[in-house]
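A quick write-up on the structure given underneath.
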Amino acid sequence: MVIYVVYIIVSLDVTWMFLQFSVTPYLAKKLGFDTLWFGYLQTTVGLIQLIGGPMFGRFGDLFGARAALSLACAATTVSFLLLAVANHPVLLFVHKLPTVFMHVLPACQMVVTDLSEPEKRAEALSKLGLCFGIGMIAGSTLGGNISTRYGETFAACVGAAGSAFSLLLVLNFIPKSTKSEAPSTENQNKKVFSLREITRLMKFPGVTRIFLIKIIAGLPSGIFQVMFSIIAMDFFKLEAQQNGYLMAYFGIVQMVVQGGVIGRLTSRFPEKSLLLLSIGVTAGVGLAQAYMQTVFQLCLTVTPWIFSLSVFNVITDSMLTKSVPSSDTGTMLGLCSSVQSLVRTIGPTIGGFLYMNYGLASIGLIEFFVNIVVFVYLLYRQLGKTERQKE
């Protein structure tokens with residue numbers, strides 16, 4: 001029962017998140033933001049969540065799932081209310097401050113991780129991706145249509161009301177704690193922000209290597225992701241409603257991949273092989289993105305791109321949470337979410353610089369070269385292990 005409620009909460013949260021994604025670029029443009037200043041806005045969000053991610057994960061480990069999800073949903077509600085009254089560029093920055101606590105997805109990942117068996121963890125996490133796809137479709141379509149017909153303020157109010165409803169679901173259906181292994185009394189007395197406790201997880205076998213791969217291979221794709229709203233508006237000349245329909249198409253692809261593909265792959269192939277596959281596909285997609293010129297070509301590259309991103313994120317999250325004790329999964333998932341925040345911090349600045357100076361092709365080519373290097377490294381390492389096992 002709890003897991004199904006979590007899936008509903010994720011679907012709703014992603015709906016409101018993509019509703020905001022459909023509104024913010026056009027509101028920013030009305031308030032006089034250019035590509036560079038919109039990049040600064042995105043960087044601010046990434047920096048705030050980069051600081052908040054590990055703290056929030058540790059908060060979840062110490063105080064339980066209900067407290068963590070309640071905090072995240074309340075922060076999302078406040079953020080939407082601030083967006084609704086944003087009529088000045090400064091207020092657009094102010095409405096991003098609550099994002100330090102807006103970690104609904106990592107909190108839900110913690111609940112699913114706690115309630116699933118290790119061998120079925122990747123499949124359970126992939127179902128969250130299915131919910132993500134549903135939310136992407138609903139949020140993009142709603143955001144584009146509501147902001148076009150009723151304006152950005154009304155759309156923000158809808159997001160605030162929806163986030164408040166998610167908070168009610170959390171308070172009524174999510175248990176105080178979902179962990180089978182409760183934190184020790186000594187651990188409970190430690191501070192939420194303990195750099196020593198957070199970095200301690202990096203000492204477990206294999207964690208540092210997978211974490212670095214997650215950062216290095218994920219950064220180029222993340223740059224394209226955070227720049228997409230600008231690329232759609234500037235390069236492909238899409239209006240808010242058209243952009244919403246395109247994001248809905250992305251959501252459909254994500255639903256198919258997360259709901260019908262990843263679960264079957266994880267049950268048949270080892271996680272290391274799937275990690276290698278996802279990085280190889282991303283390299284090929286990067287090369288294709290470098291030379292695309294039309295919306296149709298973009299749509300053709302979306303399917304393998306979302307496939308590779310989905311597999312990459314699910315597999316790395318699964319591998320990392322399996323490498324630490326169950327009492328630390330929240331902190332580990334907080335660190336995983338901080339990778340996405342790191343991308344949002346430096347991605348808009350790097351992406352804006354590349355796009356303005358070297359064009360869209362530069363982003364795709366960097367994605368190709370970085371992932372090829374990581375692919376060769378992992379392949380060499382895997383082949384080396386196979387040879388040693390034969391000896």
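Each chain in the structure tokens gets a letter, A, B and so on, in the order shown; residues start at 1 in every chain, and ligands are counted from 1 in the order they appear.
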
Could you list, as an mmCIF file with all heavy atoms, in the first residue's frame, every residue within 7 Å of A:Met255, counting only C-alpha atoms and ignoring same-chain residues fewer than 5 positions away?
data_model
loop_
_atom_site.group_PDB
_atom_site.id
_atom_site.type_symbol
_atom_site.label_atom_id
_atom_site.label_comp_id
_atom_site.auth_asym_id
_atom_site.auth_seq_id
_atom_site.Cartn_x
_atom_site.Cartn_y
_atom_site.Cartn_z
ATOM 1 N N LEU A 130 8.717 5.314 -14.356
ATOM 2 C CA LEU A 130 7.428 5.247 -15.066
ATOM 3 C C LEU A 130 6.507 6.364 -14.570
ATOM 4 O O LEU A 130 5.866 7.060 -15.370
ATOM 5 C CB LEU A 130 6.784 3.880 -14.832
ATOM 6 C CG LEU A 130 5.367 3.669 -15.371
ATOM 7 C CD1 LEU A 130 5.335 3.810 -16.881
ATOM 8 C CD2 LEU A 130 4.833 2.304 -14.957
ATOM 9 N N GLY A 133 7.546 9.589 -16.006
ATOM 10 C CA GLY A 133 7.040 9.780 -17.374
ATOM 11 C C GLY A 133 5.600 10.259 -17.386
ATOM 12 O O GLY A 133 5.228 11.143 -18.169
ATOM 13 N N ILE A 134 4.770 9.666 -16.497
ATOM 14 C CA ILE A 134 3.369 10.091 -16.405
ATOM 15 C C ILE A 134 3.298 11.567 -16.013
ATOM 16 O O ILE A 134 2.552 12.362 -16.601
ATOM 17 C CB ILE A 134 2.618 9.225 -15.368
ATOM 18 C CG1 ILE A 134 2.511 7.782 -15.865
ATOM 19 C CG2 ILE A 134 1.222 9.805 -15.090
ATOM 20 C CD1 ILE A 134 1.990 6.807 -14.820
#

Self-check item: Polymer residues at most 10 Å from stretch 335-350 of chain A, only C-alpha atoms, same-chain spacing of 6 or more positions, as an MDAnalysis selection string
Solution: chainID A and resid 35:58 103 105:106 198:199 201 211:212 214:216 218:227 230 313 316:317 320:321 329 363

Exercise. From the DSSP assignment of the backbone, select every residue of stretch 115-329 of chain A that is helix (DSSP H, G or I), and format the answer as JSON, numbers by chain.
Key: {"A": [115, 118, 119, 120, 121, 122, 123, 124, 125, 126, 127, 128, 129, 130, 131, 132, 133, 134, 135, 136, 137, 138, 139, 140, 141, 142, 143, 144, 145, 146, 147, 148, 149, 150, 152, 153, 154, 155, 156, 157, 158, 159, 160, 161, 162, 163, 164, 165, 166, 167, 168, 169, 170, 171, 172, 173, 185, 186, 187, 188, 195, 196, 197, 198, 199, 200, 201, 202, 203, 207, 208, 209, 210, 211, 212, 213, 214, 215, 216, 217, 218, 219, 220, 221, 222, 223, 224, 225, 226, 227, 228, 229, 230, 231, 232, 233, 234, 240, 241, 242, 243, 244, 245, 246, 247, 248, 249, 250, 251, 252, 253, 254, 255, 256, 257, 258, 259, 260, 261, 262, 263, 264, 265, 266, 267, 268, 271, 272, 273, 274, 275, 276, 277, 278, 279, 280, 281, 282, 283, 284, 285, 286, 287, 288, 289, 290, 295, 296, 297, 298, 299, 300, 301, 302, 303, 304, 305, 306, 307, 308, 309, 310, 311, 312, 313, 314, 315, 316, 317, 318, 319, 320, 321, 322, 326, 327, 328, 329]}

Quiz item: What is the atom CA of A:Thr153-atom CA of A:Lys29 distance in Å, reported with one decimal?
Solution: 14.5 Å

Quiz item: Near A:Gly286, within 7 Å and counting only C-alpha atoms, which residues show up once chain neighbours fewer than 3 positions away are dropped, as a VMD selection string?
Solution: chain A and resid 282 to 283 289 to 290 364 to 365 367 to 368

Quiz item: How many Å separate atom CA of A:Arg381 from atom CA of A:Val314?
Solution: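 Between atom CA of A:Arg381 and atom CA of A:Val314 the gap is 21.2 Å.
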
Please build the interface table for stretch 279-383 of chain A against stretch 172-180 of chain A with a cut-off of 12 Å, listing for each qualifying residue the nearest atom pair and the distance in Å to one decimal; count only C-alpha atoms, order rows by chain and increasing number, and write it as CSV.
residue,atom,partner,partner_atom,distance
A:Pro325,CA,A:Ser180,CA,10.7
A:Ser326,CA,A:Lys179,CA,7.1
A:Ser327,CA,A:Lys179,CA,6.8
A:Asp328,CA,A:Lys179,CA,9.7
A:Thr329,CA,A:Lys179,CA,9.2
A:Gly330,CA,A:Lys179,CA,9.8

Please, could you write that set of residues out with N, CA, C and O atoms as a short mmCIF file (atom, residue, chain, number, x, y, z; two decimals), in the first residue's frame?
data_model
loop_
_atom_site.label_atom_id
_atom_site.label_comp_id
_atom_site.auth_asym_id
_atom_site.auth_seq_id
_atom_site.Cartn_x
_atom_site.Cartn_y
_atom_site.Cartn_z
N PRO A 325 25.07 0.34 4.07
CA PRO A 325 24.06 -0.24 4.97
C PRO A 325 22.68 0.38 4.74
O PRO A 325 22.58 1.52 4.29
N SER A 326 21.61 -0.37 5.06
CA SER A 326 20.25 0.12 4.82
C SER A 326 19.94 1.37 5.63
O SER A 326 19.10 2.18 5.23
N SER A 327 20.62 1.57 6.75
CA SER A 327 20.38 2.76 7.58
C SER A 327 20.94 4.03 6.93
O SER A 327 20.67 5.14 7.38
N ASP A 328 21.75 3.87 5.86
CA ASP A 328 22.38 5.02 5.19
C ASP A 328 21.88 5.25 3.77
O ASP A 328 22.45 6.06 3.04
N THR A 329 20.82 4.54 3.38
CA THR A 329 20.37 4.67 1.98
C THR A 329 19.86 6.07 1.66
O THR A 329 20.02 6.55 0.54
N GLY A 330 19.24 6.72 2.64
CA GLY A 330 18.74 8.08 2.41
C GLY A 330 19.87 9.05 2.11
O GLY A 330 19.80 9.86 1.18
#

Practice problem: Could you give me, as a list of chain:residue names, the residues within 12 Å of A:Ser273, counting only C-alpha atoms and dropping anything in the same chain fewer than 2 positions from it? | Solution: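 After dropping sequence-adjacent residues, the list is A:Leu265, A:Thr266, A:Arg268, A:Phe269, A:Pro270, A:Glu271, A:Leu275, A:Leu276, A:Leu277, A:Ser278, A:Ile279, A:Gly280, A:Val311, A:Phe312, A:Ile315, A:Thr316, A:Phe375, A:Leu378, A:Leu379, A:Arg381, A:Gln382, A:Leu383.
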
Expected file: the selected residues, C-alpha atoms, as a JSON list (two decimals), in the first residue's frame:
[["chain", "number", "residue", "atom", "x", "y", "z"],
["A", 265, "LEU", "CA", 16.70, -5.88, -18.70],
["A", 266, "THR", "CA", 17.64, -5.85, -15.00],
["A", 268, "ARG", "CA", 18.19, -10.78, -17.40],
["A", 269, "PHE", "CA", 21.52, -8.95, -17.48],
["A", 270, "PRO", "CA", 24.06, -7.95, -14.82],
["A", 271, "GLU", "CA", 24.08, -4.30, -13.73],
["A", 275, "LEU", "CA", 25.86, 0.42, -17.20],
["A", 276, "LEU", "CA", 28.27, -0.16, -20.09],
["A", 277, "LEU", "CA", 25.37, -0.33, -22.57],
["A", 278, "SER", "CA", 23.83, 2.94, -21.34],
["A", 279, "ILE", "CA", 27.11, 4.84, -21.66],
["A", 280, "GLY", "CA", 27.73, 3.46, -25.16],
["A", 311, "VAL", "CA", 19.18, 2.90, -17.49],
["A", 312, "PHE", "CA", 22.22, 4.90, -16.38],
["A", 315, "ILE", "CA", 21.60, 1.26, -12.40],
["A", 316, "THR", "CA", 24.01, 3.70, -10.72],
["A", 375, "PHE", "CA", 32.94, 3.47, -22.18],
["A", 378, "LEU", "CA", 34.75, 0.41, -18.29],
["A", 379, "LEU", "CA", 35.14, -2.06, -21.17],
["A", 381, "ARG", "CA", 38.23, -2.89, -16.79],
["A", 382, "GLN", "CA", 35.54, -5.51, -17.44],
["A", 383, "LEU", "CA", 37.67, -7.41, -19.97]]
